[in-house]
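Source file: coords-v6.txt; contents: compact mmCIF, C-alpha atoms.
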# COMPACT_ATOMS: atom_id res chain seq x y z
CA MET Q 1 0.00 0.00 0.00
CA VAL Q 2 1.48 3.34 -1.09
CA GLY Q 3 1.40 6.01 1.60
CA HIS Q 4 0.06 9.53 1.29
CA GLY Q 5 2.07 11.61 -1.14
CA GLU Q 6 3.72 8.54 -2.64
CA ILE Q 7 3.27 6.79 -5.94
CA SER Q 8 4.39 3.31 -6.94
CA LEU Q 9 6.42 2.40 -10.00
CA GLU Q 10 3.40 0.48 -11.30
CA GLU Q 11 1.24 3.60 -10.99
CA LEU Q 12 3.85 5.67 -12.80
CA ALA Q 13 3.99 3.08 -15.57
CA ALA Q 14 0.19 3.19 -15.82
CA ARG Q 15 0.35 6.97 -16.30
CA VAL Q 16 2.77 6.55 -19.17
CA ARG Q 17 0.75 3.75 -20.72
CA ASP Q 18 -2.47 5.77 -20.57
CA ARG Q 19 -0.87 8.84 -22.12
CA ALA Q 20 0.88 6.81 -24.79
CA GLY Q 21 -2.35 5.06 -25.73
CA ALA Q 22 -3.96 8.41 -26.52
CA ARG Q 23 -1.25 9.42 -28.99
CA ASP Q 24 -0.69 8.34 -32.58
CA GLY Q 25 2.91 7.31 -33.16
CA ARG Q 26 5.61 7.16 -30.53
CA PHE Q 27 5.15 8.70 -27.09
CA VAL Q 28 8.27 10.39 -25.66
CA LEU Q 29 8.69 10.88 -21.91
CA GLY Q 30 11.56 13.04 -20.70
CA VAL Q 31 13.10 12.34 -17.29
CA ALA Q 32 15.25 15.26 -16.12
CA GLY Q 33 17.09 16.04 -12.90
CA PRO Q 34 20.55 16.64 -11.44
CA PRO Q 35 23.42 14.18 -11.89
CA GLY Q 36 23.14 11.30 -9.43
CA ALA Q 37 19.44 11.78 -8.69
CA GLY Q 38 18.36 8.40 -10.08
CA LYS Q 39 17.11 9.30 -13.55
CA SER Q 40 18.59 6.22 -15.19
CA THR Q 41 17.27 3.99 -12.42
CA LEU Q 42 13.72 5.29 -12.88
CA ALA Q 43 13.90 5.18 -16.68
CA THR Q 44 15.13 1.58 -16.70
CA ALA Q 45 12.58 0.47 -14.11
CA LEU Q 46 9.77 2.14 -16.06
CA ARG Q 47 10.87 0.45 -19.27
CA ASP Q 48 11.06 -2.96 -17.62
CA THR Q 49 7.68 -2.55 -15.92
CA LEU Q 50 5.96 -1.41 -19.12
CA ASN Q 51 7.48 -4.27 -21.11
CA ALA Q 52 6.62 -6.86 -18.47
CA ASP Q 53 3.03 -5.67 -18.23
CA ALA Q 54 2.64 -5.69 -22.01
CA GLY Q 55 4.45 -9.00 -22.49
CA ALA Q 56 6.35 -7.34 -25.33
CA PRO Q 57 9.13 -4.74 -25.80
CA ILE Q 58 6.91 -1.67 -26.14
CA ALA Q 59 9.31 0.73 -24.36
CA GLU Q 60 13.01 1.60 -24.51
CA VAL Q 61 15.38 4.14 -22.92
CA ALA Q 62 17.07 6.81 -25.04
CA PRO Q 63 19.78 8.38 -22.80
CA MET Q 64 20.92 11.95 -23.37
CA ASP Q 65 24.43 10.94 -22.27
CA GLY Q 66 25.01 9.16 -25.58
CA PHE Q 67 25.45 12.62 -27.09
CA HIS Q 68 28.53 13.54 -25.07
CA LEU Q 69 31.17 14.99 -27.36
CA THR Q 70 34.11 12.60 -27.63
CA ASN Q 71 37.17 13.13 -25.45
CA ALA Q 72 39.16 14.01 -28.58
CA GLU Q 73 36.66 16.74 -29.51
CA LEU Q 74 36.63 18.11 -25.97
CA ARG Q 75 40.43 18.08 -25.80
CA VAL Q 76 40.69 20.12 -29.01
CA ALA Q 77 38.15 22.59 -27.64
CA GLY Q 78 39.98 22.82 -24.31
CA ALA Q 79 36.84 21.59 -22.56
CA LEU Q 80 37.80 18.12 -21.36
CA ALA Q 81 37.97 19.21 -17.71
CA ARG Q 82 34.41 20.54 -18.02
CA LYS Q 83 32.99 17.35 -19.46
CA GLY Q 84 29.36 16.94 -18.50
CA GLU Q 85 28.50 20.64 -18.62
CA PRO Q 86 25.74 21.79 -21.02
CA ASP Q 87 28.03 22.83 -23.87
CA THR Q 88 29.96 19.54 -23.89
CA PHE Q 89 27.14 17.68 -25.64
CA ASP Q 90 26.12 17.54 -29.30
CA VAL Q 91 22.71 19.09 -28.68
CA ALA Q 92 21.89 19.41 -32.38
CA ALA Q 93 22.40 15.68 -32.90
CA TYR Q 94 20.28 14.88 -29.84
CA LEU Q 95 17.45 17.09 -31.09
CA ASP Q 96 17.63 15.55 -34.56
CA ARG Q 97 17.46 12.01 -33.19
CA LEU Q 98 14.53 12.93 -30.91
CA ARG Q 99 12.70 14.42 -33.88
CA ARG Q 100 13.27 11.30 -35.94
CA LEU Q 101 12.01 9.11 -33.09
CA ARG Q 102 8.83 11.19 -32.97
CA GLU Q 103 8.32 11.16 -36.72
CA LEU Q 104 9.22 7.57 -37.58
CA PRO Q 105 6.34 5.13 -37.02
CA PRO Q 106 7.05 2.06 -34.87
CA GLY Q 107 8.47 -0.64 -37.07
CA GLN Q 108 11.10 1.52 -38.71
CA ARG Q 109 14.61 1.05 -37.34
CA LEU Q 110 16.49 3.90 -35.64
CA SER Q 111 19.70 3.54 -33.66
CA TRP Q 112 20.64 5.59 -30.59
CA PRO Q 113 24.05 6.15 -28.96
CA ILE Q 114 24.80 5.36 -25.32
CA TYR Q 115 27.63 6.40 -22.98
CA ASP Q 116 30.18 3.89 -21.73
CA ARG Q 117 31.14 4.87 -18.17
CA LYS Q 118 34.20 2.61 -18.19
CA GLN Q 119 35.62 3.86 -21.49
CA HIS Q 120 34.26 7.38 -20.80
CA GLU Q 121 33.18 7.70 -24.42
CA PRO Q 122 29.89 7.67 -26.37
CA VAL Q 123 29.12 4.43 -28.20
CA PRO Q 124 27.18 4.69 -31.50
CA ASP Q 125 24.20 2.39 -32.06
CA GLY Q 126 24.08 1.31 -28.41
CA VAL Q 127 20.28 1.05 -28.55
CA VAL Q 128 18.11 0.20 -31.55
CA PHE Q 129 14.46 1.25 -31.75
CA THR Q 130 12.16 -0.84 -33.91
CA GLU Q 131 8.65 -1.67 -32.68
CA GLN Q 132 8.80 0.30 -29.42
CA SER Q 133 5.98 2.82 -29.13
CA ILE Q 134 7.21 4.42 -25.87
CA VAL Q 135 10.53 6.26 -25.57
CA ILE Q 136 11.98 7.30 -22.20
CA THR Q 137 14.75 9.83 -22.73
CA GLU Q 138 16.65 10.83 -19.60
CA GLY Q 139 19.31 13.40 -18.87
CA ASN Q 140 20.29 16.46 -16.85
CA TYR Q 141 19.44 19.22 -19.26
CA LEU Q 142 16.11 18.30 -20.87
CA LEU Q 143 14.31 21.28 -19.32
CA LEU Q 144 17.16 23.77 -19.50
CA ASP Q 145 16.84 27.18 -21.11
CA ASP Q 146 19.41 27.90 -23.81
CA VAL Q 147 23.00 28.12 -22.61
CA GLY Q 148 25.03 29.99 -25.22
CA THR Q 149 24.22 28.42 -28.58
CA ALA Q 150 23.48 24.97 -27.16
CA GLY Q 151 19.74 25.15 -27.83
CA TRP Q 152 18.58 22.96 -24.96
CA SER Q 153 15.25 24.75 -24.71
CA ALA Q 154 14.22 23.16 -28.02
CA VAL Q 155 14.12 19.72 -26.39
CA ARG Q 156 10.79 20.35 -24.66
CA GLU Q 157 8.81 20.46 -27.90
CA TYR Q 158 9.76 16.83 -28.59
CA LEU Q 159 8.56 15.59 -25.19
CA ASP Q 160 4.97 14.51 -24.65
CA ALA Q 161 5.56 14.66 -20.88
CA ALA Q 162 8.46 15.75 -18.67
CA TRP Q 163 9.27 14.47 -15.18
CA TYR Q 164 11.95 15.67 -12.78
CA VAL Q 165 13.76 13.36 -10.35
CA ASP Q 166 15.23 15.09 -7.30
CA ALA Q 167 17.44 14.01 -4.39
CA PRO Q 168 19.11 15.72 -1.37
CA ALA Q 169 22.42 17.42 -2.14
CA GLU Q 170 24.44 15.23 0.23
CA LEU Q 171 23.06 12.07 -1.36
CA LEU Q 172 23.95 13.43 -4.80
CA ARG Q 173 27.52 14.10 -3.63
CA LYS Q 174 27.97 10.57 -2.26
CA ARG Q 175 26.53 8.94 -5.37
CA LEU Q 176 28.66 11.02 -7.70
CA LEU Q 177 31.86 10.29 -5.79
CA ARG Q 178 31.06 6.58 -5.95
CA ARG Q 179 30.27 6.81 -9.67
CA HIS Q 180 33.60 8.41 -10.56
CA VAL Q 181 35.61 5.93 -8.49
CA ARG Q 182 33.75 2.98 -9.99
CA GLY Q 183 34.51 4.44 -13.40
CA GLY Q 184 38.22 4.13 -12.69
CA LYS Q 185 39.00 7.64 -11.44
CA SER Q 186 41.07 8.37 -8.34
CA ALA Q 187 39.40 9.54 -5.13
CA GLU Q 188 41.19 12.88 -5.49
CA PHE Q 189 39.90 13.34 -9.03
CA ALA Q 190 36.41 12.35 -7.94
CA ARG Q 191 36.31 14.92 -5.14
CA SER Q 192 37.56 17.65 -7.44
CA LYS Q 193 35.14 16.77 -10.24
CA VAL Q 194 32.13 16.58 -7.93
CA ALA Q 195 32.88 19.87 -6.16
CA GLY Q 196 34.07 21.81 -9.20
CA SER Q 197 31.65 20.58 -11.85
CA ASP Q 198 28.97 18.04 -10.95
CA LEU Q 199 27.38 19.90 -8.04
CA LEU Q 200 27.52 23.18 -9.97
CA ASN Q 201 25.66 21.42 -12.78
CA ALA Q 202 23.15 20.18 -10.21
CA GLU Q 203 22.51 23.77 -9.09
CA LEU Q 204 21.91 24.79 -12.70
CA VAL Q 205 19.55 21.89 -13.30
CA ALA Q 206 17.63 22.61 -10.07
CA LYS Q 207 16.39 25.84 -11.66
CA THR Q 208 14.55 23.78 -14.30
CA ARG Q 209 12.49 21.78 -11.80
CA GLU Q 210 9.45 24.04 -12.08
CA ARG Q 211 9.14 23.25 -15.80
CA ALA Q 212 8.39 19.58 -15.15
CA ASP Q 213 4.91 18.06 -15.20
CA LEU Q 214 5.77 15.82 -12.25
CA VAL Q 215 8.50 16.06 -9.58
CA LEU Q 216 9.57 12.83 -7.89
CA GLN Q 217 12.01 11.65 -5.24
CA ALA Q 218 12.84 8.01 -4.59
CA SER Q 219 11.44 6.60 -1.35
CA GLY Q 220 12.29 2.93 -1.03
CA ARG Q 221 10.52 1.12 -3.86
CA ASN Q 222 8.12 4.04 -4.36
CA TYR Q 223 8.45 7.72 -5.20
CA LEU Q 224 7.44 10.80 -3.26
CA LEU Q 225 5.37 13.33 -5.17
CA LEU Q 226 6.99 16.71 -4.52
For the structure just supplied, provide its representation as C-alpha cells.
Amino acid sequence: MVGHGEISLEELAARVRDRAGARDGRFVLGVAGPPGAGKSTLATALRDTLNADAGAPIAEVAPMDGFHLTNAELRVAGALARKGEPDTFDVAAYLDRLRRLRELPPGQRLSWPIYDRKQHEPVPDGVVFTEQSIVITEGNYLLLDDVGTAGWSAVREYLDAAWYVDAPAELLRKRLLRRHVRGGKSAEFARSKVAGSDLLNAELVAKTRERADLVLQASGRNYLLL
C-alpha cells in the first residue's frame, strides 16, 4: 500500500501507458534532474515494468548521455575538464534524433548512442528502436533554457511529458563520488570533479524543476510526489 504523497512504480507506468495510448505514433517521456538523482534507475525500471506488463518490448530508454562529445573533440576545444556541462554535448544531434524518433512510425529502425562509463566515451548504435511505441529519454538538461548556442530549450517540444527526479544534495555528492571511483577515477579526481563541476551542474539543473509536469524523489521502492 502506497502512503500519502507517494506513488508506486506500477502507478507511474500506468500513467505513461495511458498517455501513450492516446497518442498516434511514438510517445516520448523526458526524465530530467541533477546528476546522481536516479534518472537512469527510474527510466530503466519504467521500461522494464511497461514491457513486463505488455508481455512485449513496447518501451526503450534513449539516454541523453550518448550525445557527449568525444574526449578528442573536448580536448581540441579545451573543454575536457568541463565534461558533463551543457556545452559539452552535441545538442543538435540529440534534437535531430529525438525528432526522428517522434516522426518515424514504430516498425522503422532507428539507432541511438549510449555512454560507456568505463571507457568514458559515447558508443554509437548502443540502442536500436524498432517496434517500441514508448521512448523514455533521460538526462540532466532536458528542461534547460538555452546556454550559449546549445539550444537545450528546443528539447521540450519533442517531449509529450516531462518528469523531474530530485534528491538531497548530500546524497547526490555521495553517489557522484562513488560513480567516478567505480569508473576508474582516483578519489582525489572524484572529489575535485564533484565539487568543481557536478554539483555546480546540479545547481543549474535545479532551476529547471518548475518546468516539469511531475517532480519525484525516490522513497524505497516508491516515489514521493513533490
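Counting only C-alpha atoms and comparing Q:Ala190, Q:Leu225, Q:Asp65, Q:Arg26, the residue that lies closest to Asp116 (chain Q) is Q:Asp65.
For Pro168 (chain Q), the set of protein, DNA and RNA residues having any atom at most 10 Å away, when counting only C-alpha atoms and skipping those fewer than 3 positions along the same chain, is Ala37, Leu171, Leu172, Arg173 and Gln217 of chain Q.
Among Q:Ala92, Q:Gly38, Q:Ala81, Q:Asp18, the residue with the shortest atom-to-atom distance to Ser192 (chain Q), counting only C-alpha atoms, is Q:Ala81.
Closest approach to Leu200 (chain Q) among Q:Gly126, Q:Pro35, Q:Gly66, Q:Gly220: Q:Pro35, based on all atoms listed in the file.
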**Within 9 Å of Val16 (chain Q) using all atoms listed in the file, minus same-chain residues under 5 positions, as a list in words** = Glu11, Gly21, Phe27, Leu29, Leu46, Leu50, Ile134 and Ala161 of chain Q
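Ranking Q:Met64, Q:Ala206, Q:Ala59, Q:Leu177 by their shortest atom-to-atom distance to Val194 (chain Q), with all atoms listed in the file included, puts Q:Leu177 first.
Nearest to Tyr223 (chain Q) of all the residues Q:Leu74, Q:Val165, Q:Ala56, Q:Leu101 is Q:Val165, based on only C-alpha atoms.
Across the structure, CA of Ile114 (chain Q) and CA of Arg23 (chain Q) are spaced 26.6 Å apart.
From CA of Ser133 (chain Q) back to CA of Gly107 (chain Q), the distance works out to 9.0 Å.
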**Message:** What's around Thr130 (chain Q) at 8 Å? Count all atoms listed in the file, leave out sequence neighbours fewer than 4 positions away in its own chain, and write the answer as an MDAnalysis selection string.
**Reply:** chainID Q and resid 106:110
**Prompt:** Expressed in Å to a single decimal, how great is the separation between CA of Val181 (chain Q) and CA of Glu85 (chain Q)?
**Reply:** 19.2 Å
**Request:** Between Q:Ser8, Q:Ser40, Q:Asn222, Q:Ser197, single out the one closest to Glu138 (chain Q), counting all atoms listed in the file.
**Result:** Q:Ser40
Pick out the residues sitting within 10 Å of Gly84 (chain Q), and hand them over as a short mmCIF file (atom, residue, chain, number, x, y, z; two decimals) with C-alpha atoms, in the coordinates of the input; count only C-alpha atoms, and ignore anything fewer than 4 positions along from it in its own chain.
data_model
loop_
_atom_site.label_atom_id
_atom_site.label_comp_id
_atom_site.auth_asym_id
_atom_site.auth_seq_id
_atom_site.Cartn_x
_atom_site.Cartn_y
_atom_site.Cartn_z
CA PRO Q 35 23.42 14.18 -11.89
CA ASP Q 65 24.43 10.94 -22.27
CA HIS Q 68 28.53 13.54 -25.07
CA LEU Q 69 31.17 14.99 -27.36
CA ALA Q 79 36.84 21.59 -22.56
CA LEU Q 80 37.80 18.12 -21.36
CA THR Q 88 29.96 19.54 -23.89
CA PHE Q 89 27.14 17.68 -25.64
CA ASN Q 140 20.29 16.46 -16.85
CA SER Q 197 31.65 20.58 -11.85
CA ASP Q 198 28.97 18.04 -10.95
CA ASN Q 201 25.66 21.42 -12.78
#
**Asked** Could you pull the residues within 10 Å of Glu203 (chain Q), counting all atoms listed in the file, minus those fewer than 5 positions along the same chain, as a list of chain:residue names?
**Response** Q:Pro34, Q:Ala169, Q:Asp198, Q:Thr208
